[in-house]
Amino acid sequence: MGRGLRRCGRGFGGRGAWSDERGRDLMRCDGDFGDGGVPRGAAGVVSMTGGVPRGAVGVVSPRRCRCCGEEAAERGAAWGLYLRIDRQRLQCLNERREGSGATVFRPWEERGDRSQFVESDDDEELLFNIPFTGSVKLKGVIVMGEEDGTHPAEMRLFRNIPHMSFDDTAKEPEQTFSLSRDPLGELEYPTKIARFSNVYHLSMHFPKNFGAETTKIFYIGLKGEWTEAHRHEVTICNYEASANPADHKLEQITPQTHFIS
């Protein structure tokens, strides 16, 4: 007789925990399940016989998941765009503590560090201006906050508009996301890659949260590809509208006449 399973946590695609009908944890994974877990697409309540969900496509053993060990390191490397941020020009508007906005861009493996976070000051809005050191193809975003009202509820992304202010956020964003509370940094929001394939500056606007006076963010993950910027030498040429005779002096030539006798 198979045991009934239900999925715990938010979203799926291999994320979250699996437990039985009594709420006992059976397995957990932070990433996509592969050779050794519940495969993508096995959503909802399924039956397990001999450790394998019935009806799952690509039935596999539940003893291990791909995100463990080396696979976890690979996933961390995928979220490495924080290394391509020009931190000297990085801005966070309305941050309560100066410089705290930069701390949320860090390695994926360190996302659980609750001592590093940014909190808004006057109201719930936060605006990040993120310049990159090259061209970026942005593929996904993680936003990690608290399991309370301070977690941002909406994210708006703008591309290639340096030095954005809150007044500029009245413009139409490239993409808007309704966020779910994510205290563990497990939810990935995929971008429309066609709109974010040549990004040298990214602005992230968080206009509201889930009801608190201020917004708090612990980690922002950026996934994608980076291409080094190419520098081109610039040659400056001056062209004359009309010739200046003083700049074009010619030696005076005195004509001579020779007589042949």
# chains A, B, ... in the order shown; residues from 1 in each chain; ligands from 1
call {"tool": "residues_around", "arguments": {"residues": "Phe158 (chain A)", "least_positions_apart": "2", "cutoff": "10 Å", "atoms": "only C-alpha atoms", "output": "number ranges by chain"}}
result
A: 129, 156, 160-162, 164, 169, 171-176, 195-196, 199, 201-205
call {"tool": "write_last_selection", "arguments": {"atoms": "C-alpha atoms", "output": "PDB file, in the first residue's frame"}}
result
ATOM      1  CA  ASN A 129      20.130  51.095  -9.445  1.00  0.00           C
ATOM      2  CA  ARG A 156       9.194  46.079 -11.185  1.00  0.00           C
ATOM      3  CA  ASN A 160      19.298  50.604 -19.160  1.00  0.00           C
ATOM      4  CA  ILE A 161      17.993  53.707 -17.358  1.00  0.00           C
ATOM      5  CA  PRO A 162      20.941  54.859 -15.208  1.00  0.00           C
ATOM      6  CA  MET A 164      16.644  56.278 -11.824  1.00  0.00           C
ATOM      7  CA  THR A 169       9.277  54.791 -11.693  1.00  0.00           C
ATOM      8  CA  LYS A 171       7.438  54.848 -16.508  1.00  0.00           C
ATOM      9  CA  GLU A 172       6.248  51.501 -17.807  1.00  0.00           C
ATOM     10  CA  PRO A 173       8.594  48.736 -16.565  1.00  0.00           C
ATOM     11  CA  GLU A 174       9.954  45.987 -18.762  1.00  0.00           C
ATOM     12  CA  GLN A 175       8.392  43.391 -16.452  1.00  0.00           C
ATOM     13  CA  THR A 176       6.362  43.336 -13.231  1.00  0.00           C
ATOM     14  CA  ARG A 195      13.638  42.023 -23.012  1.00  0.00           C
ATOM     15  CA  PHE A 196      16.697  41.488 -20.834  1.00  0.00           C
ATOM     16  CA  VAL A 199      21.412  44.870 -20.018  1.00  0.00           C
ATOM     17  CA  HIS A 201      22.081  48.750 -16.076  1.00  0.00           C
ATOM     18  CA  LEU A 202      19.209  47.184 -14.124  1.00  0.00           C
ATOM     19  CA  SER A 203      16.770  49.054 -11.879  1.00  0.00           C
ATOM     20  CA  MET A 204      14.619  47.126  -9.390  1.00  0.00           C
ATOM     21  CA  HIS A 205      11.645  48.919  -7.849  1.00  0.00           C
TER      22      HIS A 205
END
call {"tool": "closest_residue", "arguments": {"among": "A:His151, A:Lys139, A:Arg75, A:His230", "to": "Thr191 (chain A)", "atoms": "only C-alpha atoms"}}
result
A:Lys139
call {"tool": "atom_distance", "arguments": {"atom1": "CA of Leu93 (chain A)", "atom2": "CA of Thr215 (chain A)"}}
result
12.4 Å
call {"tool": "atom_distance", "arguments": {"atom1": "CA of Pro190 (chain A)", "atom2": "CA of Trp108 (chain A)"}}
result
16.4 Å
call {"tool": "closest_residue", "arguments": {"among": "A:Glu119, A:Pro131, A:Ser165, A:Thr103", "to": "Gln88 (chain A)", "atoms": "only C-alpha atoms"}}
result
A:Pro131
call {"tool": "residues_around", "arguments": {"residues": "Arg97 (chain A)", "least_positions_apart": "4", "cutoff": "10 Å", "atoms": "only C-alpha atoms", "output": "PDB file with C-alpha atoms, in the first residue's frame"}}
result
ATOM      1  CA  GLY A 101      21.443  47.784   0.025  1.00  0.00           C
ATOM      2  CA  PHE A 117      19.700  42.999   4.997  1.00  0.00           C
ATOM      3  CA  VAL A 118      18.328  46.292   3.767  1.00  0.00           C
ATOM      4  CA  GLU A 119      15.304  48.009   5.293  1.00  0.00           C
ATOM      5  CA  SER A 120      13.418  50.943   3.831  1.00  0.00           C
ATOM      6  CA  ASP A 121      13.364  54.240   5.689  1.00  0.00           C
TER       7      ASP A 121
END
call {"tool": "atom_distance", "arguments": {"atom1": "CA of Leu127 (chain A)", "atom2": "CA of Ile193 (chain A)"}}
result
21.6 Å
call {"tool": "closest_residue", "arguments": {"among": "A:Leu81, A:Ala212, A:Leu126, A:Ala153", "to": "Thr227 (chain A)", "atoms": "only C-alpha atoms"}}
result
A:Leu81
call {"tool": "closest_atom_pairs", "arguments": {"of": "region 94-183 of chain A", "to": "region 216-224 of chain A", "cutoff": "6 Å", "atoms": "only C-alpha atoms", "output": "CSV"}}
result
residue,atom,partner,partner_atom,distance
A:Val104,CA,A:Tyr219,CA,4.4
A:Phe105,CA,A:Ile220,CA,5.6
A:Arg111,CA,A:Tyr219,CA,5.7
A:Phe117,CA,A:Phe218,CA,4.2
A:Val118,CA,A:Ile217,CA,5.4
A:Glu119,CA,A:Lys216,CA,4.4
A:Lys137,CA,A:Gly224,CA,5.4
A:Leu138,CA,A:Gly224,CA,4.6
A:Lys139,CA,A:Gly224,CA,4.8
A:Gly140,CA,A:Lys223,CA,5.0
A:Val141,CA,A:Leu222,CA,4.9
A:Ile142,CA,A:Gly221,CA,4.7
A:Val143,CA,A:Ile220,CA,4.8
A:Met144,CA,A:Tyr219,CA,5.0
A:Gly145,CA,A:Ile217,CA,4.7
A:Thr150,CA,A:Lys216,CA,5.4
A:His151,CA,A:Lys216,CA,5.9
call {"tool": "closest_residue", "arguments": {"among": "A:Glu147, A:Glu124, A:Gly185, A:Asp86", "to": "Pro107 (chain A)", "atoms": "only C-alpha atoms"}}
result
A:Gly185
call {"tool": "residues_around", "arguments": {"residues": "Arg84 (chain A)", "least_positions_apart": "5", "cutoff": "9 Å", "atoms": "only C-alpha atoms", "output": "PyMOL selection string"}}
result
chain A and resi 131-134+136+226
call {"tool": "write_last_selection", "arguments": {"atoms": "N, CA, C and O atoms", "output": "short mmCIF file (atom, residue, chain, number, x, y, z; two decimals), in the first residue's frame"}}
result
data_model
loop_
_atom_site.label_atom_id
_atom_site.label_comp_id
_atom_site.auth_asym_id
_atom_site.auth_seq_id
_atom_site.Cartn_x
_atom_site.Cartn_y
_atom_site.Cartn_z
N PRO A 131 24.39 48.96 -11.83
CA PRO A 131 25.19 48.97 -13.05
C PRO A 131 26.07 47.72 -13.12
O PRO A 131 26.58 47.25 -12.10
N PHE A 132 26.23 47.18 -14.30
CA PHE A 132 27.08 46.00 -14.49
C PHE A 132 28.39 46.41 -15.17
O PHE A 132 28.50 47.46 -15.79
N THR A 133 29.37 45.54 -15.05
CA THR A 133 30.68 45.80 -15.64
C THR A 133 30.75 45.33 -17.09
O THR A 133 31.82 45.39 -17.70
N GLY A 134 29.66 44.86 -17.63
CA GLY A 134 29.58 44.41 -19.01
C GLY A 134 28.13 44.28 -19.41
O GLY A 134 27.24 44.88 -18.79
N VAL A 136 24.73 42.03 -19.80
CA VAL A 136 24.13 40.92 -19.08
C VAL A 136 22.87 40.44 -19.79
O VAL A 136 22.08 41.25 -20.28
N TRP A 226 26.96 36.89 -18.59
CA TRP A 226 27.67 38.16 -18.63
C TRP A 226 28.67 38.14 -19.77
O TRP A 226 29.35 37.14 -20.01
#
call {"tool": "residues_around", "arguments": {"residues": "Glu125 (chain A)", "least_positions_apart": "3", "cutoff": "6 Å", "atoms": "only C-alpha atoms", "output": "list in words"}}
result
Phe206, Pro207 and Lys208 of chain A
call {"tool": "decode", "arguments": {"residues": "region 123-144 of chain A", "atoms": "N, CA, C and O atoms", "output": "tab-separated table (two decimals), in the first residue's frame"}}
result
chain	number	residue	atom	x	y	z
A	123	ASP	N	9.20	55.03	3.98
A	123	ASP	CA	7.97	54.27	3.68
A	123	ASP	C	8.38	52.89	3.22
A	123	ASP	O	9.50	52.44	3.49
A	124	GLU	N	7.50	52.20	2.52
A	124	GLU	CA	7.78	50.81	2.15
A	124	GLU	C	8.54	50.66	0.84
A	124	GLU	O	8.93	49.55	0.47
A	125	GLU	N	8.81	51.75	0.12
A	125	GLU	CA	9.44	51.65	-1.20
A	125	GLU	C	10.96	51.50	-1.11
A	125	GLU	O	11.61	52.10	-0.26
A	126	LEU	N	11.50	50.72	-2.04
A	126	LEU	CA	12.94	50.60	-2.24
A	126	LEU	C	13.22	50.63	-3.74
A	126	LEU	O	12.43	50.10	-4.54
A	127	LEU	N	14.32	51.25	-4.12
A	127	LEU	CA	14.71	51.33	-5.53
A	127	LEU	C	16.21	51.08	-5.64
A	127	LEU	O	17.01	51.80	-5.06
A	128	PHE	N	16.57	50.05	-6.39
A	128	PHE	CA	17.97	49.70	-6.62
A	128	PHE	C	18.36	50.13	-8.03
A	128	PHE	O	17.65	49.82	-8.99
A	129	ASN	N	19.50	50.81	-8.16
A	129	ASN	CA	20.13	51.10	-9.44
A	129	ASN	C	21.39	50.25	-9.52
A	129	ASN	O	22.35	50.47	-8.78
A	130	ILE	N	21.40	49.28	-10.43
A	130	ILE	CA	22.46	48.27	-10.47
A	130	ILE	C	23.20	48.35	-11.80
A	130	ILE	O	22.72	47.84	-12.83
A	131	PRO	N	24.39	48.96	-11.83
A	131	PRO	CA	25.19	48.97	-13.05
A	131	PRO	C	26.07	47.72	-13.12
A	131	PRO	O	26.58	47.25	-12.10
A	132	PHE	N	26.23	47.18	-14.30
A	132	PHE	CA	27.08	46.00	-14.49
A	132	PHE	C	28.39	46.41	-15.17
A	132	PHE	O	28.50	47.46	-15.79
A	133	THR	N	29.37	45.54	-15.05
A	133	THR	CA	30.68	45.80	-15.64
A	133	THR	C	30.75	45.33	-17.09
A	133	THR	O	31.82	45.39	-17.70
A	134	GLY	N	29.66	44.86	-17.63
A	134	GLY	CA	29.58	44.41	-19.01
A	134	GLY	C	28.13	44.28	-19.41
A	134	GLY	O	27.24	44.88	-18.79
A	135	SER	N	27.87	43.49	-20.43
A	135	SER	CA	26.51	43.26	-20.90
A	135	SER	C	25.97	41.97	-20.28
A	135	SER	O	26.65	40.96	-20.24
A	136	VAL	N	24.73	42.03	-19.80
A	136	VAL	CA	24.13	40.92	-19.08
A	136	VAL	C	22.87	40.44	-19.79
A	136	VAL	O	22.08	41.25	-20.28
A	137	LYS	N	22.70	39.12	-19.83
A	137	LYS	CA	21.42	38.52	-20.22
A	137	LYS	C	20.79	38.00	-18.94
A	137	LYS	O	21.19	36.97	-18.40
A	138	LEU	N	19.79	38.70	-18.44
A	138	LEU	CA	19.17	38.36	-17.16
A	138	LEU	C	18.10	37.29	-17.38
A	138	LEU	O	17.17	37.48	-18.15
A	139	LYS	N	18.22	36.17	-16.63
A	139	LYS	CA	17.31	35.05	-16.82
A	139	LYS	C	16.37	34.82	-15.63
A	139	LYS	O	15.30	34.26	-15.80
A	140	GLY	N	16.79	35.21	-14.43
A	140	GLY	CA	15.96	34.94	-13.27
A	140	GLY	C	16.35	35.78	-12.08
A	140	GLY	O	17.47	36.29	-11.99
A	141	VAL	N	15.39	35.93	-11.14
A	141	VAL	CA	15.59	36.74	-9.94
A	141	VAL	C	15.04	36.00	-8.73
A	141	VAL	O	13.99	35.35	-8.82
A	142	ILE	N	15.75	36.06	-7.61
A	142	ILE	CA	15.26	35.59	-6.32
A	142	ILE	C	15.17	36.79	-5.38
A	142	ILE	O	16.10	37.61	-5.33
A	143	VAL	N	14.08	36.91	-4.64
A	143	VAL	CA	13.92	37.96	-3.63
A	143	VAL	C	13.55	37.30	-2.31
A	143	VAL	O	12.49	36.70	-2.19
A	144	MET	N	14.41	37.42	-1.33
A	144	MET	CA	14.22	36.75	-0.05
A	144	MET	C	13.97	37.77	1.05
A	144	MET	O	14.70	38.76	1.19
